[in-house]
$ cat start35.pdb   # PDB, C-alpha atoms, pLDDT in the B column
ATOM      1  CA  MET A   1       0.000   0.000   0.000  1.00 96.00           C
ATOM      2  CA  ILE A   2       1.147   3.516  -0.782  1.00 98.00           C
ATOM      3  CA  LYS A   3      -0.297   6.813   0.340  1.00 97.00           C
ATOM      4  CA  LYS A   4       0.175  10.509  -0.339  1.00 98.00           C
ATOM      5  CA  SER A   5      -1.224  13.680   1.135  1.00 98.00           C
ATOM      6  CA  PHE A   6      -2.252  16.782  -0.773  1.00 97.00           C
ATOM      7  CA  ARG A   7      -3.492  20.264   0.096  1.00 98.00           C
ATOM      8  CA  ILE A   8      -6.389  21.375  -2.094  1.00 97.00           C
ATOM      9  CA  THR A   9      -5.489  24.728  -3.643  1.00 96.00           C
ATOM     10  CA  SER A  10      -8.328  25.167  -6.122  1.00 95.00           C
ATOM     11  CA  GLU A  11     -10.487  28.114  -5.080  1.00 94.00           C
ATOM     12  CA  LYS A  12     -13.648  26.046  -5.623  1.00 94.00           C
ATOM     13  CA  GLY A  13     -12.315  22.877  -3.992  1.00 95.00           C
ATOM     14  CA  ILE A  14     -13.244  19.504  -5.491  1.00 95.00           C
ATOM     15  CA  HIS A  15     -16.617  20.194  -7.081  1.00 92.00           C
ATOM     16  CA  ALA A  16     -18.485  18.069  -9.654  1.00 93.00           C
ATOM     17  CA  ARG A  17     -16.259  18.477 -12.721  1.00 94.00           C
ATOM     18  CA  PRO A  18     -12.858  17.783 -11.086  1.00 95.00           C
ATOM     19  CA  ALA A  19     -14.386  15.056  -8.913  1.00 96.00           C
ATOM     20  CA  THR A  20     -15.635  13.303 -12.055  1.00 96.00           C
ATOM     21  CA  ALA A  21     -12.218  13.606 -13.708  1.00 96.00           C
ATOM     22  CA  LEU A  22     -10.468  12.141 -10.650  1.00 97.00           C
ATOM     23  CA  VAL A  23     -12.970   9.287 -10.272  1.00 98.00           C
ATOM     24  CA  ASN A  24     -12.557   8.433 -13.964  1.00 97.00           C
ATOM     25  CA  VAL A  25      -8.779   8.219 -13.466  1.00 98.00           C
ATOM     26  CA  ALA A  26      -9.232   6.015 -10.380  1.00 98.00           C
ATOM     27  CA  MET A  27     -11.629   3.694 -12.211  1.00 98.00           C
ATOM     28  CA  ALA A  28      -8.972   2.937 -14.831  1.00 97.00           C
ATOM     29  CA  TYR A  29      -6.983   0.930 -12.259  1.00 98.00           C
ATOM     30  CA  GLU A  30      -7.637  -2.412 -10.567  1.00 97.00           C
ATOM     31  CA  CYS A  31      -6.181  -1.539  -7.172  1.00 98.00           C
ATOM     32  CA  ASP A  32      -8.270  -0.434  -4.220  1.00 98.00           C
ATOM     33  CA  ILE A  33      -8.164   3.376  -3.914  1.00 98.00           C
ATOM     34  CA  LYS A  34      -9.406   5.279  -0.870  1.00 98.00           C
ATOM     35  CA  LEU A  35      -9.779   9.032  -0.422  1.00 98.00           C
ATOM     36  CA  SER A  36      -9.707  10.478   3.097  1.00 98.00           C
ATOM     37  CA  ALA A  37     -10.645  14.035   4.042  1.00 97.00           C
ATOM     38  CA  LEU A  38     -12.329  15.768   6.931  1.00 95.00           C
ATOM     39  CA  ARG A  39     -12.069  12.631   9.128  1.00 96.00           C
ATOM     40  CA  ARG A  40     -13.975  10.474   6.610  1.00 97.00           C
ATOM     41  CA  THR A  41     -12.833   7.871   4.068  1.00 98.00           C
ATOM     42  CA  VAL A  42     -14.570   6.894   0.832  1.00 98.00           C
ATOM     43  CA  ASP A  43     -13.945   4.699  -2.188  1.00 98.00           C
ATOM     44  CA  PHE A  44     -12.237   6.950  -4.747  1.00 98.00           C
ATOM     45  CA  LYS A  45     -14.063   5.103  -7.527  1.00 98.00           C
ATOM     46  CA  SER A  46     -17.440   6.385  -6.255  1.00 97.00           C
ATOM     47  CA  ILE A  47     -18.477   9.828  -7.504  1.00 97.00           C
ATOM     48  CA  MET A  48     -21.172  10.011  -4.834  1.00 96.00           C
ATOM     49  CA  GLY A  49     -18.634   9.210  -2.125  1.00 96.00           C
ATOM     50  CA  VAL A  50     -16.157  11.816  -3.352  1.00 97.00           C
ATOM     51  CA  MET A  51     -18.854  14.493  -3.681  1.00 96.00           C
ATOM     52  CA  ALA A  52     -20.249  13.656  -0.226  1.00 95.00           C
ATOM     53  CA  LEU A  53     -16.932  14.627   1.380  1.00 96.00           C
ATOM     54  CA  GLY A  54     -17.473  18.288   0.471  1.00 94.00           C
ATOM     55  CA  ILE A  55     -13.783  19.013  -0.104  1.00 96.00           C
ATOM     56  CA  TYR A  56     -13.108  22.752  -0.134  1.00 95.00           C
ATOM     57  CA  SER A  57     -10.011  24.885  -0.714  1.00 96.00           C
ATOM     58  CA  GLY A  58      -7.374  24.404   1.978  1.00 96.00           C
ATOM     59  CA  THR A  59      -8.515  20.888   2.882  1.00 97.00           C
ATOM     60  CA  THR A  60      -5.826  18.236   3.312  1.00 97.00           C
ATOM     61  CA  ILE A  61      -6.670  14.953   1.603  1.00 98.00           C
ATOM     62  CA  GLU A  62      -4.956  11.573   1.669  1.00 98.00           C
ATOM     63  CA  ILE A  63      -5.033   9.024  -1.138  1.00 98.00           C
ATOM     64  CA  LYS A  64      -4.256   5.362  -0.422  1.00 98.00           C
ATOM     65  CA  CYS A  65      -3.719   2.836  -3.216  1.00 98.00           C
ATOM     66  CA  ASP A  66      -3.423  -0.879  -2.527  1.00 98.00           C
ATOM     67  CA  GLY A  67      -3.007  -3.515  -5.224  1.00 97.00           C
ATOM     68  CA  LYS A  68      -0.943  -4.662  -8.156  1.00 95.00           C
ATOM     69  CA  ASP A  69      -1.097  -1.353 -10.087  1.00 97.00           C
ATOM     70  CA  GLU A  70      -0.987   0.928  -7.043  1.00 98.00           C
ATOM     71  CA  GLN A  71       2.037   2.961  -8.160  1.00 98.00           C
ATOM     72  CA  GLU A  72       0.594   3.637 -11.620  1.00 98.00           C
ATOM     73  CA  ALA A  73      -2.724   4.689 -10.063  1.00 98.00           C
ATOM     74  CA  MET A  74      -1.041   7.021  -7.579  1.00 98.00           C
ATOM     75  CA  ASP A  75       1.108   8.580 -10.314  1.00 98.00           C
ATOM     76  CA  ALA A  76      -1.962   9.195 -12.503  1.00 98.00           C
ATOM     77  CA  LEU A  77      -4.007  10.701  -9.656  1.00 98.00           C
ATOM     78  CA  THR A  78      -1.103  12.905  -8.568  1.00 97.00           C
ATOM     79  CA  ASP A  79      -0.620  14.067 -12.152  1.00 97.00           C
ATOM     80  CA  THR A  80      -4.327  14.883 -12.509  1.00 96.00           C
ATOM     81  CA  LEU A  81      -4.490  16.798  -9.225  1.00 96.00           C
ATOM     82  CA  VAL A  82      -1.434  18.896 -10.065  1.00 94.00           C
ATOM     83  CA  LYS A  83      -2.087  19.489 -13.793  1.00 93.00           C
ATOM     84  CA  GLN A  84      -5.686  20.557 -13.217  1.00 92.00           C
ATOM     85  CA  GLY A  85      -4.545  22.983 -10.518  1.00 94.00           C
ATOM     86  CA  LEU A  86      -6.589  21.224  -7.838  1.00 96.00           C
ATOM     87  CA  GLY A  87      -3.875  20.667  -5.261  1.00 96.00           C
ATOM     88  CA  LYS A  88      -0.246  20.228  -4.393  1.00 96.00           C
ATOM     89  CA  GLU A  89       1.560  17.321  -2.813  1.00 94.00           C
ATOM     90  CA  LEU A  90       2.599  17.727   0.815  1.00 93.00           C
TER      91      LEU A  90
END
$ encode --input "start35.pdb" --output "structure tokens"
Amino acid sequence: MIKKSFRITSEKGIHARPATALVNVAMAYECDIKLSALRRTVDFKSIMGVMALGIYSGTTIEIKCDGKDEQEAMDALTDTLVKQGLGKEL
């Protein structure tokens, strides 16, 4: 299992459009991916779960990947978060 923490820097936080983009990236991988924020953890492959967290600007999130393609999944999610200007790695 690998994990990384990020600080959300997007002014609007993780709203519907970026949440959908991140979930679509997560769904491309077989490993188990969890997203933790605000003392709650959800399946990162569930748009409803991600949206239910209500992640706003300044929130610290943690992504955990566990499985055979965990490194590839983490790299892709990190790349998406950074390139879309959603957050920065801590």
$ residues_around --input "start35.pdb" --residues "Ser46 in chain A" --least-positions-apart "5" --cutoff "9 Å" --atoms "all atoms listed in the file" --output "MDAnalysis selection string"
chainID A and resid 23 27 51
$ write_last_selection --input "start35.pdb" --atoms "C-alpha atoms" --output "JSON list (two decimals), in the coordinates of the input"
[["chain", "number", "residue", "atom", "x", "y", "z"],
["A", 23, "VAL", "CA", -12.97, 9.29, -10.27],
["A", 27, "MET", "CA", -11.63, 3.69, -12.21],
["A", 51, "MET", "CA", -18.85, 14.49, -3.68]]
$ resolve_selection --input "start35.pdb" --expression "the PyMOL selection byres ((chain A and resi 73) around 10)" --output "mmCIF file with C-alpha atoms, in the frame of the given file"
data_model
loop_
_atom_site.group_PDB
_atom_site.id
_atom_site.type_symbol
_atom_site.label_atom_id
_atom_site.label_comp_id
_atom_site.auth_asym_id
_atom_site.auth_seq_id
_atom_site.Cartn_x
_atom_site.Cartn_y
_atom_site.Cartn_z
ATOM 1 C CA VAL A 25 -8.779 8.219 -13.466
ATOM 2 C CA ALA A 26 -9.232 6.015 -10.380
ATOM 3 C CA MET A 27 -11.629 3.694 -12.211
ATOM 4 C CA ALA A 28 -8.972 2.937 -14.831
ATOM 5 C CA TYR A 29 -6.983 0.930 -12.259
ATOM 6 C CA GLU A 30 -7.637 -2.412 -10.567
ATOM 7 C CA CYS A 31 -6.181 -1.539 -7.172
ATOM 8 C CA ASP A 32 -8.270 -0.434 -4.220
ATOM 9 C CA ILE A 33 -8.164 3.376 -3.914
ATOM 10 C CA LYS A 64 -4.256 5.362 -0.422
ATOM 11 C CA CYS A 65 -3.719 2.836 -3.216
ATOM 12 C CA ASP A 66 -3.423 -0.879 -2.527
ATOM 13 C CA GLY A 67 -3.007 -3.515 -5.224
ATOM 14 C CA LYS A 68 -0.943 -4.662 -8.156
ATOM 15 C CA ASP A 69 -1.097 -1.353 -10.087
ATOM 16 C CA GLU A 70 -0.987 0.928 -7.043
ATOM 17 C CA GLN A 71 2.037 2.961 -8.160
ATOM 18 C CA GLU A 72 0.594 3.637 -11.620
ATOM 19 C CA MET A 74 -1.041 7.021 -7.579
ATOM 20 C CA ASP A 75 1.108 8.580 -10.314
ATOM 21 C CA ALA A 76 -1.962 9.195 -12.503
ATOM 22 C CA LEU A 77 -4.007 10.701 -9.656
ATOM 23 C CA THR A 78 -1.103 12.905 -8.568
ATOM 24 C CA ASP A 79 -0.620 14.067 -12.152
#
$ closest_residue --input "start35.pdb" --among "A:Ile63, A:Leu35, A:Ile55, A:Met48" --to "Thr9 in chain A" --atoms "all atoms listed in the file"
A:Ile55
$ resolve_selection --input "start35.pdb" --expression "the PyMOL selection byres ((chain A and resi 36) around 9)" --output "ChimeraX atom specification"
/A:34-35,37-44,53,60-64
$ closest_residue --input "start35.pdb" --among "A:Val50, A:Glu11, A:Ala21, A:Ser5" --to "Lys83 in chain A" --atoms "only C-alpha atoms"
A:Ala21
$ residues_around --input "start35.pdb" --residues "Leu86 in chain A" --least-positions-apart "3" --cutoff "6 Å" --atoms "only C-alpha atoms" --output "PyMOL selection string"
chain A and resi 8-10+81
$ closest_residue --input "start35.pdb" --among "A:Met1, A:Arg17, A:Thr59, A:Arg7" --to "Val82 in chain A" --atoms "all atoms listed in the file"
A:Arg7
$ atom_distance --input "start35.pdb" --atom1 "CA of Ile47 in chain A" --atom2 "CA of Phe6 in chain A"
18.9 Å
$ build_atoms --input "start35.pdb" --residues "range 44-64 of chain A" --atoms "N, CA and C atoms" --output "compact mmCIF listing (two decimals), keeping the file's coordinate frame"
# COMPACT_ATOMS: atom_id res chain seq x y z
N PHE A 44 -12.54 5.92 -3.76
CA PHE A 44 -12.24 6.95 -4.75
C PHE A 44 -12.86 6.64 -6.11
N LYS A 45 -13.41 5.47 -6.27
CA LYS A 45 -14.06 5.10 -7.53
C LYS A 45 -15.56 5.40 -7.49
N SER A 46 -16.03 6.04 -6.43
CA SER A 46 -17.44 6.38 -6.26
C SER A 46 -17.62 7.90 -6.32
N ILE A 47 -18.26 8.39 -7.38
CA ILE A 47 -18.48 9.83 -7.50
C ILE A 47 -19.33 10.35 -6.36
N MET A 48 -20.32 9.58 -5.94
CA MET A 48 -21.17 10.01 -4.83
C MET A 48 -20.37 10.12 -3.53
N GLY A 49 -19.47 9.17 -3.32
CA GLY A 49 -18.63 9.21 -2.12
C GLY A 49 -17.72 10.42 -2.12
N VAL A 50 -17.08 10.68 -3.25
CA VAL A 50 -16.16 11.82 -3.35
C VAL A 50 -16.92 13.13 -3.15
N MET A 51 -18.07 13.27 -3.81
CA MET A 51 -18.85 14.49 -3.68
C MET A 51 -19.37 14.68 -2.25
N ALA A 52 -19.70 13.58 -1.58
CA ALA A 52 -20.25 13.66 -0.23
C ALA A 52 -19.23 14.20 0.78
N LEU A 53 -17.95 14.11 0.47
CA LEU A 53 -16.93 14.63 1.38
C LEU A 53 -16.97 16.15 1.48
N GLY A 54 -17.42 16.83 0.43
CA GLY A 54 -17.47 18.29 0.47
C GLY A 54 -16.11 18.93 0.63
N ILE A 55 -15.17 18.55 -0.22
CA ILE A 55 -13.78 19.01 -0.10
C ILE A 55 -13.67 20.44 -0.64
N TYR A 56 -13.24 21.34 0.22
CA TYR A 56 -13.11 22.75 -0.13
C TYR A 56 -11.63 23.16 -0.15
N SER A 57 -11.37 24.37 -0.63
CA SER A 57 -10.01 24.88 -0.71
C SER A 57 -9.37 24.90 0.66
N GLY A 58 -8.12 24.45 0.73
CA GLY A 58 -7.37 24.40 1.98
C GLY A 58 -7.47 23.07 2.71
N THR A 59 -8.36 22.20 2.26
CA THR A 59 -8.52 20.89 2.88
C THR A 59 -7.31 20.01 2.57
N THR A 60 -6.87 19.24 3.53
CA THR A 60 -5.83 18.24 3.31
C THR A 60 -6.51 16.91 3.04
N ILE A 61 -6.12 16.27 1.95
CA ILE A 61 -6.67 14.95 1.60
C ILE A 61 -5.55 13.92 1.60
N GLU A 62 -5.92 12.66 1.75
CA GLU A 62 -4.96 11.57 1.67
C GLU A 62 -5.51 10.53 0.71
N ILE A 63 -4.67 10.07 -0.18
CA ILE A 63 -5.03 9.02 -1.14
C ILE A 63 -4.22 7.79 -0.79
N LYS A 64 -4.92 6.64 -0.68
CA LYS A 64 -4.26 5.36 -0.42
C LYS A 64 -4.58 4.42 -1.56
